[in-house]
Amino acid sequence: MNVPREGGCSCGEVRYRLTSDPLFTHCCHCLNCQRQTGSAFVINLLIEADRVELLAGVPRPVDVPRDDGSRQRIFRCPTCQVAVFSQYTHPGVRFVRGGTLDRPSGVTPDVHIFTRSKLSWITLPDSVPAFEAYYDRKALWPAASLERFDAIPASADSDA
Ligand SMILES: [Zn+2]
Ligand SMILES: [Zn+2]
């Protein structure tokens, strides 16, 4: 770990710092992510909620419907509404949107997921694992990240 990664929304009200490297970084090509971002895919840095340190502002949680009937909680700047991170099933894990980092080029995906809906003009590198849908965390994550994941309390209240 070198310099902590920082990022924020467009208007500057929300600023955050990641106090360590992420557990793992997804590039997700699913239809939900395409719709939510209005783009081809999303880059998500998975990291413990308590390692996302808020430097300014309080992102507002917005529950967004997903195609499978579930809901995904997206945290947005209350003023400019840019989404800075989201939460899926595990309340102790944040999915930080890579495009909101001050230096998006500082992260590269560890895996490409839901490539079944990947736009055909995007060519993925052979060097990065890619899956039609989701993948087996235990098979792919480094041991240190699995250890960190197991240490997250299942009931972590991360809404603050
Ligand atoms: Zn803002
Ligand atoms: Zn997705």
# chains A, B, ... in the order shown; residues from 1 in each chain; ligands from 1
>>> residues_around(residues="Ser145 in chain A", least_positions_apart="3", cutoff="9 Å", atoms="only C-alpha atoms", output="list in words")
Pro22, Leu23, Phe24, Trp141, Pro142, Arg148, Phe149 and Asp150 of chain A
>>> residues_near_ligand(ligand="ligand 1", cutoff="10 Å", atoms="only C-alpha atoms and all ligand atoms", output="PyMOL selection string")
chain A and resi 8-15+57-59+76-84
>>> residues_around(residues="range 97-107 of chain A", least_positions_apart="2", cutoff="6 Å", atoms="only C-alpha atoms", output="list in words")
Glu6, Gly7, Gly8, Ile43, Asn44, Val84 and Phe85 of chain A
>>> write_last_selection(atoms="N, CA, C and O atoms", output="PDB file, in the first residue's frame")
ATOM      1  N   GLU A   6      -8.044   8.533  -2.699  1.00  0.00           N
ATOM      2  CA  GLU A   6      -9.120   9.443  -2.322  1.00  0.00           C
ATOM      3  C   GLU A   6     -10.004   9.703  -3.527  1.00  0.00           C
ATOM      4  O   GLU A   6      -9.586   9.543  -4.675  1.00  0.00           O
ATOM      5  N   GLY A   7     -11.234  10.109  -3.231  1.00  0.00           N
ATOM      6  CA  GLY A   7     -12.159  10.412  -4.307  1.00  0.00           C
ATOM      7  C   GLY A   7     -13.326  11.207  -3.791  1.00  0.00           C
ATOM      8  O   GLY A   7     -13.351  11.636  -2.634  1.00  0.00           O
ATOM      9  N   GLY A   8     -14.318  11.404  -4.663  1.00  0.00           N
ATOM     10  CA  GLY A   8     -15.489  12.161  -4.252  1.00  0.00           C
ATOM     11  C   GLY A   8     -16.447  12.373  -5.406  1.00  0.00           C
ATOM     12  O   GLY A   8     -16.261  11.851  -6.501  1.00  0.00           O
ATOM     13  N   ILE A  43     -16.779   0.023 -12.534  1.00  0.00           N
ATOM     14  CA  ILE A  43     -15.618  -0.484 -11.812  1.00  0.00           C
ATOM     15  C   ILE A  43     -15.896  -0.320 -10.328  1.00  0.00           C
ATOM     16  O   ILE A  43     -16.142   0.788  -9.855  1.00  0.00           O
ATOM     17  N   ASN A  44     -15.906  -1.430  -9.615  1.00  0.00           N
ATOM     18  CA  ASN A  44     -16.203  -1.423  -8.191  1.00  0.00           C
ATOM     19  C   ASN A  44     -15.012  -1.914  -7.388  1.00  0.00           C
ATOM     20  O   ASN A  44     -14.526  -3.022  -7.604  1.00  0.00           O
ATOM     21  N   VAL A  84     -21.283   7.471  -5.208  1.00  0.00           N
ATOM     22  CA  VAL A  84     -19.884   7.243  -4.851  1.00  0.00           C
ATOM     23  C   VAL A  84     -19.612   5.795  -4.453  1.00  0.00           C
ATOM     24  O   VAL A  84     -18.535   5.277  -4.701  1.00  0.00           O
ATOM     25  N   PHE A  85     -20.590   5.147  -3.822  1.00  0.00           N
ATOM     26  CA  PHE A  85     -20.431   3.714  -3.567  1.00  0.00           C
ATOM     27  C   PHE A  85     -21.792   3.072  -3.367  1.00  0.00           C
ATOM     28  O   PHE A  85     -22.803   3.755  -3.253  1.00  0.00           O
TER      29      PHE A  85
END
>>> residues_near_ligand(ligand="ligand 2", cutoff="6 Å", atoms="only C-alpha atoms and all ligand atoms", output="list in words")
Cys28, His29, Cys30, Asn32 and Cys33 of chain A
>>> residues_around(residues="Tyr135 in chain A", least_positions_apart="2", cutoff="12 Å", atoms="only C-alpha atoms", output="mmCIF file with all heavy atoms, in the first residue's frame")
data_model
loop_
_atom_site.group_PDB
_atom_site.id
_atom_site.type_symbol
_atom_site.label_atom_id
_atom_site.label_comp_id
_atom_site.auth_asym_id
_atom_site.auth_seq_id
_atom_site.Cartn_x
_atom_site.Cartn_y
_atom_site.Cartn_z
ATOM 1 N N HIS A 26 -13.823 -5.304 -9.097
ATOM 2 C CA HIS A 26 -14.679 -5.848 -10.151
ATOM 3 C C HIS A 26 -14.816 -4.872 -11.307
ATOM 4 O O HIS A 26 -14.945 -3.671 -11.073
ATOM 5 C CB HIS A 26 -16.111 -6.061 -9.630
ATOM 6 C CG HIS A 26 -16.255 -7.182 -8.660
ATOM 7 N ND1 HIS A 26 -17.451 -7.447 -8.025
ATOM 8 C CD2 HIS A 26 -15.374 -8.109 -8.217
ATOM 9 C CE1 HIS A 26 -17.296 -8.505 -7.235
ATOM 10 N NE2 HIS A 26 -16.050 -8.921 -7.317
ATOM 11 N N CYS A 28 -17.831 -4.766 -13.761
ATOM 12 C CA CYS A 28 -19.103 -5.459 -13.930
ATOM 13 C C CYS A 28 -19.827 -4.961 -15.174
ATOM 14 O O CYS A 28 -20.087 -3.779 -15.329
ATOM 15 C CB CYS A 28 -19.986 -5.277 -12.704
ATOM 16 S SG CYS A 28 -21.504 -6.243 -12.835
ATOM 17 N N ASP A 110 -9.560 -6.773 -11.139
ATOM 18 C CA ASP A 110 -9.034 -8.120 -10.883
ATOM 19 C C ASP A 110 -9.864 -9.176 -11.591
ATOM 20 O O ASP A 110 -9.419 -10.313 -11.752
ATOM 21 C CB ASP A 110 -9.056 -8.414 -9.374
ATOM 22 C CG ASP A 110 -8.149 -7.485 -8.597
ATOM 23 O OD1 ASP A 110 -6.972 -7.351 -8.984
ATOM 24 O OD2 ASP A 110 -8.613 -6.887 -7.602
ATOM 25 N N VAL A 111 -11.095 -8.802 -11.964
ATOM 26 C CA VAL A 111 -11.980 -9.758 -12.621
ATOM 27 C C VAL A 111 -13.033 -8.988 -13.427
ATOM 28 O O VAL A 111 -13.409 -7.872 -13.054
ATOM 29 C CB VAL A 111 -12.671 -10.679 -11.573
ATOM 30 C CG1 VAL A 111 -13.611 -9.899 -10.647
ATOM 31 C CG2 VAL A 111 -13.424 -11.829 -12.219
ATOM 32 N N HIS A 112 -13.454 -9.583 -14.530
ATOM 33 C CA HIS A 112 -14.594 -9.066 -15.293
ATOM 34 C C HIS A 112 -15.763 -10.003 -15.061
ATOM 35 O O HIS A 112 -15.625 -11.219 -15.231
ATOM 36 C CB HIS A 112 -14.264 -8.991 -16.788
ATOM 37 C CG HIS A 112 -13.274 -7.914 -17.108
ATOM 38 N ND1 HIS A 112 -13.636 -6.638 -17.455
ATOM 39 C CD2 HIS A 112 -11.916 -7.935 -17.096
ATOM 40 C CE1 HIS A 112 -12.555 -5.903 -17.657
ATOM 41 N NE2 HIS A 112 -11.486 -6.660 -17.448
ATOM 42 N N ILE A 113 -16.911 -9.439 -14.685
ATOM 43 C CA ILE A 113 -18.065 -10.289 -14.391
ATOM 44 C C ILE A 113 -19.267 -9.876 -15.234
ATOM 45 O O ILE A 113 -19.339 -8.765 -15.743
ATOM 46 C CB ILE A 113 -18.417 -10.275 -12.881
ATOM 47 C CG1 ILE A 113 -18.697 -8.851 -12.402
ATOM 48 C CG2 ILE A 113 -17.292 -10.905 -12.079
ATOM 49 C CD1 ILE A 113 -19.173 -8.795 -10.943
ATOM 50 N N PHE A 114 -20.196 -10.840 -15.339
ATOM 51 C CA PHE A 114 -21.394 -10.673 -16.167
ATOM 52 C C PHE A 114 -21.043 -10.262 -17.594
ATOM 53 O O PHE A 114 -21.672 -9.373 -18.186
ATOM 54 C CB PHE A 114 -22.376 -9.686 -15.511
ATOM 55 C CG PHE A 114 -22.994 -10.251 -14.264
ATOM 56 C CD1 PHE A 114 -22.486 -9.934 -13.008
ATOM 57 C CD2 PHE A 114 -24.050 -11.152 -14.353
ATOM 58 C CE1 PHE A 114 -23.030 -10.493 -11.858
ATOM 59 C CE2 PHE A 114 -24.598 -11.714 -13.204
ATOM 60 C CZ PHE A 114 -24.097 -11.379 -11.955
ATOM 61 N N THR A 115 -20.056 -10.963 -18.132
ATOM 62 C CA THR A 115 -19.649 -10.657 -19.507
ATOM 63 C C THR A 115 -20.710 -11.097 -20.514
ATOM 64 O O THR A 115 -20.617 -10.750 -21.686
ATOM 65 C CB THR A 115 -18.315 -11.345 -19.856
ATOM 66 O OG1 THR A 115 -18.480 -12.762 -19.692
ATOM 67 C CG2 THR A 115 -17.197 -10.861 -18.941
ATOM 68 N N PRO A 129 -9.130 -12.684 -15.360
ATOM 69 C CA PRO A 129 -10.235 -13.646 -15.412
ATOM 70 C C PRO A 129 -11.556 -12.966 -15.756
ATOM 71 O O PRO A 129 -11.798 -11.828 -15.336
ATOM 72 C CB PRO A 129 -10.295 -14.213 -13.983
ATOM 73 C CG PRO A 129 -9.052 -13.787 -13.301
ATOM 74 C CD PRO A 129 -8.487 -12.620 -14.053
ATOM 75 N N ALA A 130 -12.376 -13.669 -16.530
ATOM 76 C CA ALA A 130 -13.668 -13.133 -16.938
ATOM 77 C C ALA A 130 -14.723 -14.221 -16.818
ATOM 78 O O ALA A 130 -14.452 -15.391 -17.103
ATOM 79 C CB ALA A 130 -13.599 -12.622 -18.378
ATOM 80 N N PHE A 131 -15.912 -13.839 -16.373
ATOM 81 C CA PHE A 131 -16.973 -14.808 -16.137
ATOM 82 C C PHE A 131 -18.279 -14.323 -16.746
ATOM 83 O O PHE A 131 -18.604 -13.147 -16.681
ATOM 84 C CB PHE A 131 -17.162 -15.037 -14.630
ATOM 85 C CG PHE A 131 -15.956 -15.650 -13.974
ATOM 86 C CD1 PHE A 131 -14.937 -14.834 -13.473
ATOM 87 C CD2 PHE A 131 -15.816 -17.018 -13.886
ATOM 88 C CE1 PHE A 131 -13.799 -15.391 -12.889
ATOM 89 C CE2 PHE A 131 -14.690 -17.587 -13.307
ATOM 90 C CZ PHE A 131 -13.676 -16.769 -12.809
ATOM 91 N N GLU A 132 -19.015 -15.279 -17.319
ATOM 92 C CA GLU A 132 -20.324 -14.984 -17.895
ATOM 93 C C GLU A 132 -21.257 -14.348 -16.873
ATOM 94 O O GLU A 132 -22.051 -13.483 -17.202
ATOM 95 C CB GLU A 132 -20.968 -16.302 -18.344
ATOM 96 C CG GLU A 132 -20.351 -16.897 -19.582
ATOM 97 C CD GLU A 132 -21.032 -16.336 -20.823
ATOM 98 O OE1 GLU A 132 -22.250 -16.534 -20.946
ATOM 99 O OE2 GLU A 132 -20.330 -15.702 -21.618
ATOM 100 N N ALA A 133 -21.173 -14.809 -15.629
ATOM 101 C CA ALA A 133 -21.996 -14.251 -14.560
ATOM 102 C C ALA A 133 -21.077 -13.952 -13.368
ATOM 103 O O ALA A 133 -20.097 -13.240 -13.538
ATOM 104 C CB ALA A 133 -23.117 -15.202 -14.199
ATOM 105 N N ARG A 137 -15.659 -16.605 -5.037
ATOM 106 C CA ARG A 137 -14.704 -15.740 -4.336
ATOM 107 C C ARG A 137 -13.488 -16.507 -3.820
ATOM 108 O O ARG A 137 -12.346 -16.083 -3.944
ATOM 109 C CB ARG A 137 -15.427 -15.051 -3.170
ATOM 110 C CG ARG A 137 -14.575 -14.070 -2.397
ATOM 111 C CD ARG A 137 -15.403 -13.354 -1.346
ATOM 112 N NE ARG A 137 -15.894 -14.244 -0.316
ATOM 113 C CZ ARG A 137 -17.169 -14.427 -0.003
ATOM 114 N NH1 ARG A 137 -18.098 -13.756 -0.642
ATOM 115 N NH2 ARG A 137 -17.521 -15.264 0.943
ATOM 116 N N LYS A 138 -13.764 -17.677 -3.226
ATOM 117 C CA LYS A 138 -12.680 -18.451 -2.602
ATOM 118 C C LYS A 138 -11.635 -18.918 -3.613
ATOM 119 O O LYS A 138 -10.483 -19.142 -3.281
ATOM 120 C CB LYS A 138 -13.265 -19.648 -1.844
ATOM 121 C CG LYS A 138 -14.031 -19.225 -0.609
ATOM 122 C CD LYS A 138 -14.303 -20.424 0.303
ATOM 123 C CE LYS A 138 -14.781 -19.984 1.678
ATOM 124 N NZ LYS A 138 -16.082 -19.267 1.639
ATOM 125 N N ALA A 139 -12.083 -19.059 -4.855
ATOM 126 C CA ALA A 139 -11.152 -19.532 -5.880
ATOM 127 C C ALA A 139 -10.292 -18.415 -6.450
ATOM 128 O O ALA A 139 -9.244 -18.673 -7.045
ATOM 129 C CB ALA A 139 -11.940 -20.204 -7.005
ATOM 130 N N LEU A 140 -10.729 -17.183 -6.264
ATOM 131 C CA LEU A 140 -10.085 -16.086 -6.981
ATOM 132 C C LEU A 140 -9.387 -15.059 -6.094
ATOM 133 O O LEU A 140 -8.346 -14.516 -6.463
ATOM 134 C CB LEU A 140 -11.142 -15.383 -7.842
ATOM 135 C CG LEU A 140 -10.707 -14.945 -9.231
ATOM 136 C CD1 LEU A 140 -10.178 -16.128 -10.025
ATOM 137 C CD2 LEU A 140 -11.872 -14.297 -9.973
ATOM 138 N N TRP A 141 -9.944 -14.805 -4.925
ATOM 139 C CA TRP A 141 -9.370 -13.757 -4.097
ATOM 140 C C TRP A 141 -8.052 -14.211 -3.477
ATOM 141 O O TRP A 141 -7.901 -15.390 -3.136
ATOM 142 C CB TRP A 141 -10.328 -13.388 -2.960
ATOM 143 C CG TRP A 141 -11.494 -12.551 -3.365
ATOM 144 C CD1 TRP A 141 -12.019 -12.425 -4.618
ATOM 145 C CD2 TRP A 141 -12.299 -11.751 -2.497
ATOM 146 N NE1 TRP A 141 -13.101 -11.576 -4.574
ATOM 147 C CE2 TRP A 141 -13.294 -11.153 -3.300
ATOM 148 C CE3 TRP A 141 -12.283 -11.498 -1.124
ATOM 149 C CZ2 TRP A 141 -14.257 -10.290 -2.753
ATOM 150 C CZ3 TRP A 141 -13.233 -10.643 -0.591
ATOM 151 C CH2 TRP A 141 -14.208 -10.046 -1.405
#
>>> select_by_dssp(residues="chain A", states="helix (DSSP H, G or I)", output="number ranges by chain")
A: 31-37, 49-51, 98-100, 104-106, 115-117, 137-140, 143-150
>>> select_by_dssp(residues="chain A", states="strand (DSSP E)", output="ChimeraX atom specification")
/A:5-8,15-18,24-28,42-48,52-56,60-65,71-76,83-87,93-97,111-113
